[in-house]
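Source file: data02.txt; contents: compact mmCIF, C-alpha atoms and all ligand atoms.
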# COMPACT_ATOMS: atom_id res chain seq x y z
CA MET A 1 -21.14 -10.96 -19.51
CA TYR A 2 -18.41 -8.42 -18.77
CA ASP A 3 -15.25 -7.21 -20.50
CA LEU A 4 -13.48 -7.30 -17.14
CA ILE A 5 -14.09 -8.62 -13.65
CA VAL A 6 -11.87 -7.20 -10.90
CA ILE A 7 -11.75 -9.36 -7.78
CA GLY A 8 -11.29 -7.26 -4.62
CA ALA A 9 -12.55 -3.75 -3.80
CA GLY A 10 -9.54 -2.32 -1.96
CA ALA A 11 -7.56 0.69 -3.19
CA VAL A 12 -6.05 -1.37 -6.00
CA GLY A 13 -9.23 -3.08 -7.26
CA LEU A 14 -11.19 0.18 -7.15
CA SER A 15 -8.43 2.15 -8.89
CA VAL A 16 -8.04 -0.35 -11.72
CA GLY A 17 -11.81 -0.86 -11.99
CA ARG A 18 -12.35 2.90 -12.27
CA TYR A 19 -9.56 3.19 -14.85
CA PHE A 20 -10.91 0.50 -17.18
CA GLN A 21 -14.58 1.49 -16.77
CA VAL A 22 -14.31 5.29 -16.86
CA GLU A 23 -11.17 5.96 -18.89
CA ARG A 24 -11.13 2.94 -21.23
CA GLY A 25 -14.83 2.27 -21.67
CA PHE A 26 -14.75 -1.41 -20.60
CA ARG A 27 -17.89 -2.97 -19.12
CA CYS A 28 -16.62 -3.86 -15.63
CA LEU A 29 -17.74 -5.70 -12.52
CA VAL A 30 -15.86 -5.41 -9.21
CA VAL A 31 -16.61 -8.21 -6.74
CA GLU A 32 -15.85 -7.90 -3.02
CA LYS A 33 -16.31 -10.53 -0.32
CA GLU A 34 -17.00 -8.03 2.49
CA ALA A 35 -20.21 -6.02 2.99
CA ARG A 36 -18.30 -2.75 2.42
CA ILE A 37 -15.46 -1.63 0.18
CA GLY A 38 -11.92 -1.03 1.44
CA GLN A 39 -12.01 -3.14 4.59
CA GLY A 40 -8.71 -4.95 3.94
CA ILE A 41 -5.12 -3.65 3.91
CA SER A 42 -6.28 -0.37 2.38
CA SER A 43 -7.95 0.74 5.62
CA ARG A 44 -5.05 -0.31 7.88
CA ASN A 45 -1.95 1.58 6.81
CA SER A 46 -0.12 4.90 7.33
CA GLU A 47 -2.11 6.71 4.59
CA VAL A 48 1.11 8.22 3.33
CA ILE A 49 1.52 9.29 -0.29
CA HIS A 50 5.08 8.13 -0.81
CA ALA A 51 7.53 10.03 -2.98
CA GLY A 52 9.09 6.87 -4.51
CA LEU A 53 12.64 7.13 -3.22
CA TYR A 54 13.23 3.81 -1.46
CA TYR A 55 12.97 1.32 -4.30
CA PRO A 56 15.62 0.05 -6.72
CA SER A 57 15.68 1.85 -10.09
CA ASN A 58 13.31 0.35 -12.66
CA SER A 59 11.54 -1.81 -10.08
CA LEU A 60 7.74 -1.80 -10.35
CA LYS A 61 7.62 -0.15 -6.92
CA ALA A 62 9.80 2.74 -8.12
CA LEU A 63 7.99 3.19 -11.44
CA LEU A 64 4.42 2.81 -10.17
CA CYS A 65 4.98 4.81 -6.97
CA VAL A 66 6.37 7.84 -8.81
CA GLU A 67 3.66 7.65 -11.50
CA GLY A 68 0.93 6.77 -8.99
CA LYS A 69 1.84 9.69 -6.72
CA LYS A 70 1.27 12.16 -9.58
CA LEU A 71 -2.03 10.56 -10.59
CA LEU A 72 -3.19 10.37 -6.97
CA TYR A 73 -2.43 14.03 -6.14
CA HIS A 74 -4.15 15.09 -9.37
CA TYR A 75 -7.22 12.96 -8.57
CA LEU A 76 -7.48 14.18 -4.96
CA GLU A 77 -7.09 17.83 -6.00
CA LYS A 78 -9.52 17.62 -8.91
CA ASN A 79 -12.22 15.97 -6.79
CA GLY A 80 -11.77 18.09 -3.65
CA LEU A 81 -10.79 15.09 -1.51
CA PRO A 82 -8.91 15.50 1.80
CA PHE A 83 -5.11 15.32 1.63
CA ARG A 84 -2.07 17.34 2.66
CA ARG A 85 1.31 17.61 0.95
CA CYS A 86 2.98 17.78 4.37
CA GLY A 87 6.45 16.56 3.36
CA LYS A 88 8.69 14.34 5.43
CA TYR A 89 12.15 14.12 6.93
CA ILE A 90 14.12 10.90 6.96
CA VAL A 91 16.66 11.18 9.75
CA ALA A 92 20.06 9.48 10.05
CA THR A 93 21.35 8.66 13.51
CA PRO A 94 25.16 8.68 14.06
CA GLY A 95 26.86 6.19 11.71
CA GLN A 96 24.01 6.24 9.15
CA GLU A 97 25.19 9.26 7.12
CA GLN A 98 26.31 7.19 4.10
CA GLU A 99 22.98 5.34 4.05
CA LEU A 100 21.20 8.70 3.97
CA GLN A 101 23.35 9.85 1.06
CA ASP A 102 22.63 6.55 -0.78
CA LEU A 103 18.90 7.05 -0.26
CA PHE A 104 19.15 10.59 -1.62
CA GLU A 105 20.86 9.27 -4.76
CA GLN A 106 18.41 6.39 -5.14
CA GLY A 107 15.51 8.83 -4.92
CA ARG A 108 17.00 11.09 -7.59
CA ALA A 109 17.66 8.09 -9.84
CA ASN A 110 13.96 7.21 -9.46
CA GLY A 111 12.96 10.67 -10.70
CA VAL A 112 12.16 12.21 -7.30
CA ASP A 113 13.72 15.56 -8.11
CA ASP A 114 12.77 17.68 -5.10
CA LEU A 115 14.83 15.90 -2.42
CA GLU A 116 17.18 17.92 -0.26
CA LEU A 117 19.80 16.89 2.30
CA VAL A 118 19.67 19.08 5.42
CA THR A 119 22.09 19.35 8.32
CA GLY A 120 21.36 18.36 11.90
CA ASP A 121 21.38 22.07 12.84
CA THR A 122 18.72 22.86 10.23
CA LEU A 123 16.50 20.05 11.46
CA HIS A 124 17.04 21.08 15.06
CA ALA A 125 16.20 24.72 14.24
CA GLU A 126 12.84 23.60 12.87
CA TYR A 127 12.20 20.94 15.50
CA ALA A 128 13.97 21.61 18.82
CA GLN A 129 12.37 18.42 20.17
CA LEU A 130 14.22 16.23 17.62
CA ALA A 131 17.84 15.09 17.93
CA PRO A 132 20.10 17.23 15.69
CA CYS A 133 20.43 14.50 13.02
CA PRO A 134 21.21 15.07 9.35
CA ALA A 135 18.08 14.39 7.34
CA LEU A 136 16.65 14.00 3.88
CA SER A 137 13.72 16.31 3.15
CA SER A 138 11.04 14.94 0.80
CA PRO A 139 8.53 17.74 0.12
CA SER A 140 6.33 15.69 -2.25
CA THR A 141 5.42 13.14 0.45
CA GLY A 142 1.89 13.64 1.77
CA ILE A 143 -1.06 12.15 3.63
CA LEU A 144 -4.64 11.44 2.58
CA SER A 145 -7.89 9.99 3.79
CA ALA A 146 -7.83 6.55 2.14
CA ASP A 147 -11.46 6.04 3.08
CA ALA A 148 -12.71 9.23 1.34
CA TRP A 149 -10.58 8.45 -1.72
CA MET A 150 -11.85 4.86 -2.04
CA ARG A 151 -15.47 5.94 -1.60
CA HIS A 152 -15.00 8.45 -4.39
CA LEU A 153 -13.38 5.87 -6.67
CA ALA A 154 -16.30 3.48 -6.08
CA GLY A 155 -18.86 6.25 -6.69
CA GLU A 156 -17.23 7.34 -9.93
CA PHE A 157 -16.91 3.73 -11.08
CA GLN A 158 -20.62 3.10 -10.53
CA ALA A 159 -21.69 6.46 -11.98
CA GLY A 160 -19.68 5.51 -15.09
CA GLY A 161 -21.76 2.32 -15.51
CA GLY A 162 -19.59 -0.14 -13.55
CA ASP A 163 -21.19 -2.80 -11.34
CA LEU A 164 -20.05 -3.40 -7.78
CA ALA A 165 -21.11 -6.64 -6.08
CA LEU A 166 -20.53 -6.74 -2.31
CA GLN A 167 -20.64 -9.92 -0.22
CA SER A 168 -19.56 -11.79 -3.33
CA THR A 169 -16.64 -14.13 -2.74
CA PHE A 170 -14.75 -15.47 -5.74
CA CYS A 171 -14.47 -19.24 -5.36
CA ALA A 172 -13.70 -20.83 -8.75
CA MET A 173 -12.74 -20.20 -12.36
CA THR A 174 -13.44 -22.27 -15.49
CA PRO A 175 -11.77 -21.21 -18.74
CA GLY A 176 -14.27 -20.73 -21.57
CA GLU A 177 -13.56 -20.95 -25.29
CA THR A 178 -12.59 -17.33 -24.89
CA GLY A 179 -12.52 -15.66 -21.50
CA TYR A 180 -13.50 -17.15 -18.17
CA ASP A 181 -16.49 -18.23 -16.14
CA LEU A 182 -16.08 -17.00 -12.57
CA THR A 183 -18.10 -18.42 -9.71
CA MET A 184 -18.90 -16.24 -6.71
CA SER A 185 -20.79 -17.12 -3.53
CA ASP A 186 -22.92 -14.68 -1.54
CA ALA A 187 -23.41 -14.34 2.23
CA ALA A 188 -26.02 -17.13 2.22
CA GLY A 189 -23.72 -19.50 0.30
CA GLU A 190 -25.70 -19.18 -2.95
CA THR A 191 -23.43 -19.25 -6.00
CA ILE A 192 -23.57 -17.44 -9.32
CA THR A 193 -21.35 -17.91 -12.39
CA ILE A 194 -20.57 -14.95 -14.63
CA HIS A 195 -18.67 -14.81 -17.91
CA THR A 196 -15.92 -12.26 -18.53
CA ASP A 197 -13.23 -11.69 -21.15
CA ARG A 198 -10.61 -10.57 -18.65
CA VAL A 199 -9.89 -10.83 -14.94
CA ILE A 200 -7.72 -8.86 -12.48
CA ASN A 201 -7.01 -10.53 -9.15
CA ALA A 202 -6.55 -7.65 -6.67
CA THR A 203 -7.36 -9.48 -3.44
CA GLY A 204 -4.56 -8.22 -1.20
CA LEU A 205 -3.77 -10.71 1.56
CA ASP A 206 -5.83 -13.38 -0.26
CA ALA A 207 -4.31 -12.92 -3.72
CA LEU A 208 -2.17 -16.05 -3.63
CA ASN A 209 -5.08 -18.13 -2.39
CA VAL A 210 -7.33 -16.71 -5.14
CA ALA A 211 -4.67 -17.45 -7.78
CA SER A 212 -4.43 -20.96 -6.39
CA LEU A 213 -8.25 -21.41 -6.49
CA ALA A 214 -8.13 -20.25 -10.11
CA GLY A 215 -5.64 -23.04 -10.82
CA PHE A 216 -2.35 -21.28 -11.53
CA PRO A 217 0.13 -24.13 -11.08
CA TYR A 218 3.28 -22.16 -10.20
CA VAL A 219 1.56 -20.71 -7.17
CA ALA A 220 1.46 -23.82 -5.02
CA GLN A 221 4.88 -25.01 -6.17
CA GLU A 222 7.07 -21.93 -5.78
CA TYR A 223 5.20 -19.10 -4.07
CA SER A 224 4.25 -18.32 -0.52
CA VAL A 225 3.05 -15.25 1.35
CA ARG A 226 3.98 -14.29 4.89
CA HIS A 227 1.78 -11.95 6.87
CA CYS A 228 3.95 -9.14 8.21
CA LYS A 229 2.01 -7.31 10.90
CA GLY A 230 2.62 -3.65 11.69
CA SER A 231 1.26 -2.18 14.94
CA TYR A 232 0.72 1.49 15.81
CA PHE A 233 0.70 3.40 19.10
CA LYS A 234 -1.05 6.74 19.53
CA VAL A 235 0.67 9.66 21.31
CA PRO A 236 -2.41 11.59 22.48
CA GLY A 237 -0.49 14.44 24.14
CA ALA A 238 1.57 15.21 21.02
CA ARG A 239 -1.20 16.43 18.75
CA GLY A 240 0.03 19.39 16.65
CA LEU A 241 3.69 18.93 17.70
CA PHE A 242 4.81 18.03 14.16
CA HIS A 243 3.81 19.29 10.73
CA ASN A 244 6.00 16.84 8.79
CA LEU A 245 6.21 13.07 8.90
CA ILE A 246 9.47 11.97 10.56
CA TYR A 247 10.98 8.65 9.45
CA PRO A 248 14.12 6.76 10.42
CA LEU A 249 16.10 4.99 7.70
CA PRO A 250 14.33 1.87 6.38
CA THR A 251 14.97 -1.68 7.62
CA PRO A 252 15.10 -4.66 5.20
CA ASN A 253 11.38 -5.46 5.63
CA SER A 254 9.80 -2.12 6.56
CA LEU A 255 10.21 1.64 6.38
CA GLY A 256 10.84 1.73 10.13
CA ILE A 257 8.74 2.95 13.06
CA HIS A 258 8.02 6.57 12.16
CA ILE A 259 6.09 9.57 13.40
CA ARG A 260 2.91 9.38 11.41
CA LEU A 261 0.37 12.21 11.26
CA ASP A 262 -3.25 12.06 10.27
CA LEU A 263 -5.17 14.92 8.69
CA LEU A 264 -6.15 16.20 12.17
CA ASN A 265 -2.47 16.27 13.21
CA GLU A 266 -2.84 13.39 15.66
CA VAL A 267 0.53 11.68 16.19
CA LEU A 268 0.94 7.93 15.85
CA LEU A 269 4.09 5.83 16.04
CA GLY A 270 4.44 2.80 13.82
CA PRO A 271 4.38 0.41 12.18
CA ASP A 272 6.80 -2.23 13.41
CA ALA A 273 7.26 -5.49 11.49
CA GLU A 274 6.39 -8.87 12.97
CA TYR A 275 5.76 -12.07 10.99
CA LEU A 276 2.58 -13.88 12.05
CA PRO A 277 2.42 -17.67 12.00
CA GLY A 278 0.87 -19.18 8.85
CA TYR A 279 -1.89 -17.07 7.35
CA GLU A 280 -3.06 -15.69 10.68
CA VAL A 281 -4.91 -12.36 10.62
CA ASP A 282 -4.57 -10.71 14.03
CA TYR A 283 -5.10 -6.98 14.41
CA THR A 284 -4.69 -6.71 18.19
CA VAL A 285 -1.86 -4.48 19.42
CA ASP A 286 0.22 -5.97 22.21
CA PRO A 287 0.72 -3.27 24.92
CA ALA A 288 4.07 -4.94 25.78
CA LEU A 289 5.50 -3.54 22.52
CA GLU A 290 5.46 -0.05 24.03
CA SER A 291 9.03 -0.13 25.39
CA GLU A 292 10.47 -1.22 22.02
CA PHE A 293 8.52 1.55 20.24
CA ARG A 294 9.89 4.10 22.72
CA ARG A 295 13.43 2.77 22.28
CA GLN A 296 13.25 3.01 18.47
CA VAL A 297 11.71 6.49 18.35
CA CYS A 298 13.90 7.86 21.18
CA ARG A 299 16.87 7.67 18.81
CA PHE A 300 15.54 10.66 16.86
CA TRP A 301 12.82 12.08 19.18
CA PRO A 302 14.29 11.85 22.71
CA GLY A 303 11.28 13.71 24.17
CA VAL A 304 8.95 10.79 23.40
CA LYS A 305 9.83 9.47 26.86
CA ASP A 306 7.66 12.24 28.40
CA TYR A 307 4.48 11.16 26.59
CA PRO A 308 2.13 8.30 27.41
CA LEU A 309 1.57 5.91 24.48
CA GLU A 310 -1.69 4.06 23.78
CA PRO A 311 -1.95 0.86 21.72
CA ASP A 312 -3.96 1.83 18.63
CA TRP A 313 -4.44 -0.37 15.57
CA ALA A 314 -2.51 -2.72 13.26
CA GLY A 315 -2.29 -3.66 9.59
CA ILE A 316 -0.82 -6.64 7.73
CA ARG A 317 1.53 -6.53 4.76
CA PRO A 318 1.42 -9.46 2.28
CA HIS A 319 5.11 -10.32 1.82
CA LEU A 320 5.62 -12.50 -1.23
CA PHE A 321 8.31 -15.18 -1.17
CA ILE A 322 9.44 -16.94 -4.34
CA ARG A 323 11.31 -20.19 -3.66
CA ASP A 324 11.68 -18.99 -0.03
CA GLU A 325 13.29 -15.69 -1.02
CA PHE A 326 11.59 -12.40 -0.15
CA HIS A 327 10.42 -10.72 -3.37
CA HIS A 328 10.95 -7.04 -2.57
CA ASP A 329 8.95 -5.79 -5.54
CA PHE A 330 5.27 -5.84 -6.53
CA TYR A 331 4.44 -8.90 -8.63
CA ILE A 332 2.01 -8.03 -11.43
CA LYS A 333 1.77 -10.86 -13.93
CA ALA A 334 -0.24 -11.21 -17.13
CA GLU A 335 -0.83 -14.96 -17.20
CA ASP A 336 -0.52 -15.55 -20.96
CA GLU A 337 2.30 -18.05 -20.47
CA ALA A 338 0.10 -20.10 -18.13
CA GLY A 339 -2.41 -20.32 -21.01
CA CYS A 340 -4.68 -17.64 -19.51
CA PRO A 341 -4.60 -14.53 -21.70
CA GLY A 342 -6.43 -11.59 -20.18
CA TRP A 343 -5.89 -12.78 -16.59
CA VAL A 344 -3.64 -10.68 -14.34
CA ASN A 345 -2.54 -11.64 -10.82
CA LEU A 346 -1.31 -8.94 -8.45
CA LEU A 347 0.70 -10.52 -5.63
CA GLY A 348 2.68 -9.05 -2.75
CA ILE A 349 1.08 -5.59 -3.02
CA ASP A 350 2.47 -4.15 0.18
CA SER A 351 3.77 -0.59 0.67
CA PRO A 352 3.66 1.66 -1.40
CA GLY A 353 0.56 -0.02 -2.84
CA LEU A 354 -1.79 2.78 -1.84
CA THR A 355 0.36 5.40 -3.59
CA ALA A 356 0.95 3.23 -6.65
CA ALA A 357 -2.67 2.05 -7.08
CA MET A 358 -3.76 4.63 -9.63
CA ALA A 359 -0.81 3.75 -11.89
CA MET A 360 -1.65 0.02 -11.89
CA GLY A 361 -4.58 0.25 -14.36
CA PRO A 362 -2.49 2.04 -16.99
CA TYR A 363 0.36 -0.43 -16.35
CA ILE A 364 -1.91 -3.47 -16.87
CA ASP A 365 -3.31 -1.78 -19.97
CA ARG A 366 0.24 -1.60 -21.35
CA LEU A 367 0.77 -5.32 -20.51
CA TRP A 368 -2.37 -6.10 -22.55
CA ASP A 369 -1.32 -3.94 -25.49
C1 LIG B 1 1.03 -1.37 8.21
C2 LIG B 1 0.94 -0.93 6.78
C3 LIG B 1 1.29 0.38 6.43
C4 LIG B 1 1.23 0.79 5.09
N1 LIG B 1 1.46 2.10 4.79
C5 LIG B 1 1.33 2.51 3.51
C6 LIG B 1 1.49 3.89 3.19
O1 LIG B 1 1.65 4.73 4.06
N2 LIG B 1 1.45 4.26 1.88
C7 LIG B 1 1.24 3.35 0.88
O2 LIG B 1 1.28 3.74 -0.30
N3 LIG B 1 1.03 2.03 1.16
C8 LIG B 1 1.05 1.61 2.44
N4 LIG B 1 0.80 0.30 2.75
C9 LIG B 1 0.45 -0.63 1.67
C10 LIG B 1 -0.99 -0.45 1.20
O3 LIG B 1 -1.86 -0.29 2.30
C11 LIG B 1 -1.40 -1.70 0.39
O4 LIG B 1 -0.41 -1.93 -0.59
C12 LIG B 1 -2.72 -1.49 -0.31
O5 LIG B 1 -3.70 -1.02 0.59
C13 LIG B 1 -3.16 -2.82 -0.93
O6 LIG B 1 -4.45 -2.64 -1.47
P1 LIG B 1 -5.21 -3.87 -2.12
O7 LIG B 1 -6.40 -3.30 -2.79
O8 LIG B 1 -4.24 -4.67 -2.92
O9 LIG B 1 -5.59 -4.81 -0.89
P2 LIG B 1 -6.87 -4.73 0.08
O10 LIG B 1 -7.14 -3.36 0.50
O11 LIG B 1 -6.67 -5.75 1.13
O12 LIG B 1 -8.06 -5.17 -0.87
C14 LIG B 1 -8.27 -6.50 -1.26
C15 LIG B 1 -9.75 -6.77 -1.22
O13 LIG B 1 -10.01 -8.06 -1.76
C16 LIG B 1 -11.08 -8.63 -1.03
N5 LIG B 1 -11.07 -10.09 -1.24
C17 LIG B 1 -10.17 -10.98 -0.75
N6 LIG B 1 -10.48 -12.24 -1.17
C18 LIG B 1 -11.58 -12.12 -1.96
C19 LIG B 1 -12.36 -13.06 -2.68
N7 LIG B 1 -12.06 -14.37 -2.70
N8 LIG B 1 -13.44 -12.62 -3.38
C20 LIG B 1 -13.75 -11.29 -3.37
N9 LIG B 1 -13.05 -10.35 -2.69
C21 LIG B 1 -11.97 -10.75 -2.01
C22 LIG B 1 -10.78 -8.21 0.40
O14 LIG B 1 -11.92 -8.30 1.24
C23 LIG B 1 -10.29 -6.78 0.20
O15 LIG B 1 -11.34 -5.82 0.32
C24 LIG B 1 0.83 -0.14 4.08
C25 LIG B 1 0.48 -1.43 4.44
C26 LIG B 1 0.50 -1.82 5.77
C27 LIG B 1 0.05 -3.19 6.14
Could you express the structure from this file as C-alpha cells?
Amino acid sequence: MYDLIVIGAGAVGLSVGRYFQVERGFRCLVVEKEARIGQGISSRNSEVIHAGLYYPSNSLKALLCVEGKKLLYHYLEKNGLPFRRCGKYIVATPGQEQELQDLFEQGRANGVDDLELVTGDTLHAEYAQLAPCPALSSPSTGILSADAWMRHLAGEFQAGGGDLALQSTFCAMTPGETGYDLTMSDAAGETITIHTDRVINATGLDALNVASLAGFPYVAQEYSVRHCKGSYFKVPGARGLFHNLIYPLPTPNSLGIHIRLDLLNEVLLGPDAEYLPGYEVDYTVDPALESEFRRQVCRFWPGVKDYPLEPDWAGIRPHLFIRDEFHHDFYIKAEDEAGCPGWVNLLGIDSPGLTAAMAMGPYIDRLWD
C-alpha cells in the first residue's frame, strides 16, 4: 500500500518520485520495466540545461523549463554533481535577423532575463571559425551528466524511504473504492498487484500506451504519438574548439542541428528530426545522413568541411498529436474528469523535459491542491 506509485524511472519519474518522497513525505514506489534506471529518452539526448526561451508565453514548456532550470542548477550545485554553465549562442544566417529578434523577445517574455543580442563581428571575434552571423547569447544555458544526476535522484529517493522496483512492467489498473490497484509483471512474467492512492504515469515513449492500458478512453479516440528520431554525429578532431553550445534558429519540430558539447568538450552535431514509421524504436545512425549534417552546420560553421564526422548515437522524441495536430506543449493531465482522481498522465514529454523535470513534481502537487 503506497500513497503514490510513479510508473517509469527516467529523469521525470525519478524527479517527481524524489519530490513527493523526500520533500512531501509521501510513501512512494517507482516502478521501472528495465533492469536499470534512466535507459529511455533520458539517456539519449543533448544533456543541455535549456534557458526556456523558445516556448510560447505561459505554455507548460516555458513555465516548467524556467522553473526547472533553477531547481536543477541548485540541485546539481548542492550535491556536487557534474555540470557546466557554458552558455550558448543561437546564430541567425542572412535573412533570419527578425526571427532572432523575435526569439530574444520571446525569451524575455518567458522571464529569461540574461539574454543579449550580439553582432556578427562580436561572434567572429570570439570564434574566428564561425561565420560572422548576428547571434543571441544565452549565458544561463548549460550542460550536465544526466546519468550522474539520475543516479543521485534515485539514491536520495531510496535513502529517504522510497521503494524502487526494477524489471517491473506496469500492465493493468483496476480502480478501488479509493485509489487504484496496479498490476506489474517481472522479468519472468510473474505478476503482482499493489494498491496506491495516487499514480503518476511518467513512461516517456510508452506513456500513451500505458494510459491506454489503464483505460483512459480519450487516448485511443483522439491521441497519437509519433516517434521523432534525432541522430548525432561526432566530430573527433574538434575537441576543445568550442566552449559554448552553438545553435541555429529552431525548426517547427526541433531546435535544429547544433554544435553540442559534452563535459569533456567533445563536439557532436545533432540532432536532426526524422519521423519513424508507427511506434518503431530504432537507434541506429545512418552514415548517409552525413552530407545533410555538413550542409546544415556549414551555414554557420564553414570549417566543418575540414573535419571527418562519425555516426554516433540517436534518441527519440515522443511527439504528441491531438486529433492529428502536433501538440507543441507538454501534456500533464490530472484525470479527475475521467473519474480518476489522483491519477496524472504525462504525455509528449520531449525537449526540454530533462530541464523541466524537477519542476514537474511541484506542478503536479499544485494540480492536486
Ligand atoms: C534527441 C533528443 C534530444 C534532447 N535534448 C534535450 C536537451 O538537451 N535538454 C532537455 O531538457 N531535454 C532534451 N530532450 C528531452 C528529454 O530527453 C526528455 O524530455 C526526457 O528525458 C523525458 O524523460 P522521461 O522520464 O519522461 O522519459 P524516459 O527517460 O524515457 O523514462 C521513461 C521510463 O519509463 C519506463 N517505462 C516505459 N513503459 C513502462 C511500463 N509499462 N512499466 C514500467 N516502466 C515503463 C521506461 O523504460 C523508461 O525508463 C531531448 C530528447 C531527445 C530525444
Using CA of Leu367 (chain A) and CA of Arg226 (chain A) as the two end points, give the distance in Å to one decimal.
27.1 Å
Any idea what's packed within 10 Å of region 86-94 of chain A, counting all atoms listed in the file, ignoring anything in its chain fewer than 5 positions away? Could you give it as a PyMOL selection string?
chain A and resi 48-51+99-101+103-104+115-120+123+130-143+242-250+258-261+263+299-300
Contact residues around Arg317 (chain A) with only C-alpha atoms at 6 Å, ignoring same-chain residues under 6 positions, as an MDAnalysis selection string:
chainID A and resid 227:228 350
What would the file look like if the residues just selected were written as a PDB file, in the coordinates of the input with C-alpha atoms?
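This is the output file out_37.pdb:
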ATOM      1  CA  HIS A 227       1.780 -11.950   6.870  1.00  0.00           C
ATOM      2  CA  CYS A 228       3.950  -9.140   8.210  1.00  0.00           C
ATOM      3  CA  ASP A 350       2.470  -4.150   0.180  1.00  0.00           C
TER       4      ASP A 350
END
Could you list, with a cut-off of 6 Å and counting all atoms listed in the file, the residues of chain A near ligand LIG 1 (chain B), each shown with its nearest atom pair and the distance in Å rounded to one decimal, rows sorted by chain and ascending number, as a Markdown table?
| residue | atom | partner | partner_atom | distance |
| --- | --- | --- | --- | --- |
| A:Ile7 | CA | B:LIG1 | C20 | 5.2 |
| A:Gly8 | CA | B:LIG1 | O13 | 3.2 |
| A:Ala9 | CA | B:LIG1 | O15 | 4.8 |
| A:Gly10 | CA | B:LIG1 | O12 | 3.4 |
| A:Ala11 | CA | B:LIG1 | O7 | 4.2 |
| A:Val12 | CA | B:LIG1 | O7 | 3.8 |
| A:Gly13 | CA | B:LIG1 | O7 | 5.3 |
| A:Val31 | CA | B:LIG1 | C20 | 5.4 |
| A:Glu32 | CA | B:LIG1 | N9 | 3.7 |
| A:Lys33 | CA | B:LIG1 | N9 | 4.0 |
| A:Glu34 | CA | B:LIG1 | O14 | 5.2 |
| A:Ile37 | CA | B:LIG1 | O15 | 5.9 |
| A:Gly38 | CA | B:LIG1 | O15 | 5.0 |
| A:Gln39 | CA | B:LIG1 | O15 | 5.1 |
| A:Gly40 | CA | B:LIG1 | O11 | 3.6 |
| A:Ile41 | CA | B:LIG1 | O11 | 3.8 |
| A:Ser42 | CA | B:LIG1 | O5 | 3.2 |
| A:Asn45 | CA | B:LIG1 | C3 | 3.5 |
| A:Ser46 | CA | B:LIG1 | O1 | 3.7 |
| A:Glu47 | CA | B:LIG1 | O1 | 4.3 |
| A:Val48 | CA | B:LIG1 | O1 | 3.6 |
| A:Ile49 | CA | B:LIG1 | N2 | 5.5 |
| A:His50 | CA | B:LIG1 | O2 | 5.8 |
| A:Ser168 | CA | B:LIG1 | C20 | 5.8 |
| A:Thr169 | CA | B:LIG1 | N8 | 3.6 |
| A:Phe170 | CA | B:LIG1 | N8 | 3.9 |
| A:Ala202 | CA | B:LIG1 | O8 | 5.3 |
| A:Thr203 | CA | B:LIG1 | O13 | 3.4 |
| A:Gly204 | CA | B:LIG1 | O9 | 3.6 |
| A:Leu205 | CA | B:LIG1 | O11 | 5.8 |
| A:Asp206 | CA | B:LIG1 | N6 | 4.9 |
| A:Val210 | CA | B:LIG1 | N7 | 5.8 |
| A:Gly230 | CA | B:LIG1 | C1 | 4.5 |
| A:Pro271 | CA | B:LIG1 | C1 | 5.5 |
| A:Gly315 | CA | B:LIG1 | C27 | 4.2 |
| A:Ile316 | CA | B:LIG1 | C27 | 3.9 |
| A:Arg317 | CA | B:LIG1 | C27 | 3.9 |
| A:Ile349 | CA | B:LIG1 | O4 | 4.6 |
| A:Asp350 | CA | B:LIG1 | O4 | 3.7 |
| A:Ser351 | CA | B:LIG1 | C9 | 3.5 |
| A:Pro352 | CA | B:LIG1 | O2 | 3.3 |
| A:Gly353 | CA | B:LIG1 | O4 | 3.1 |
| A:Leu354 | CA | B:LIG1 | O2 | 3.6 |
| A:Thr355 | CA | B:LIG1 | O2 | 3.8 |
Shell of 10 Å around Leu153 (chain A), only C-alpha atoms, local chain residues under 6 positions omitted, as a list in words:
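Counting only C-alpha atoms, the residues come to Ala11, Gly13, Leu14, Ser15, Val16, Gly17, Arg18, Tyr19, Tyr75, Asp147 and Ala159 of chain A.
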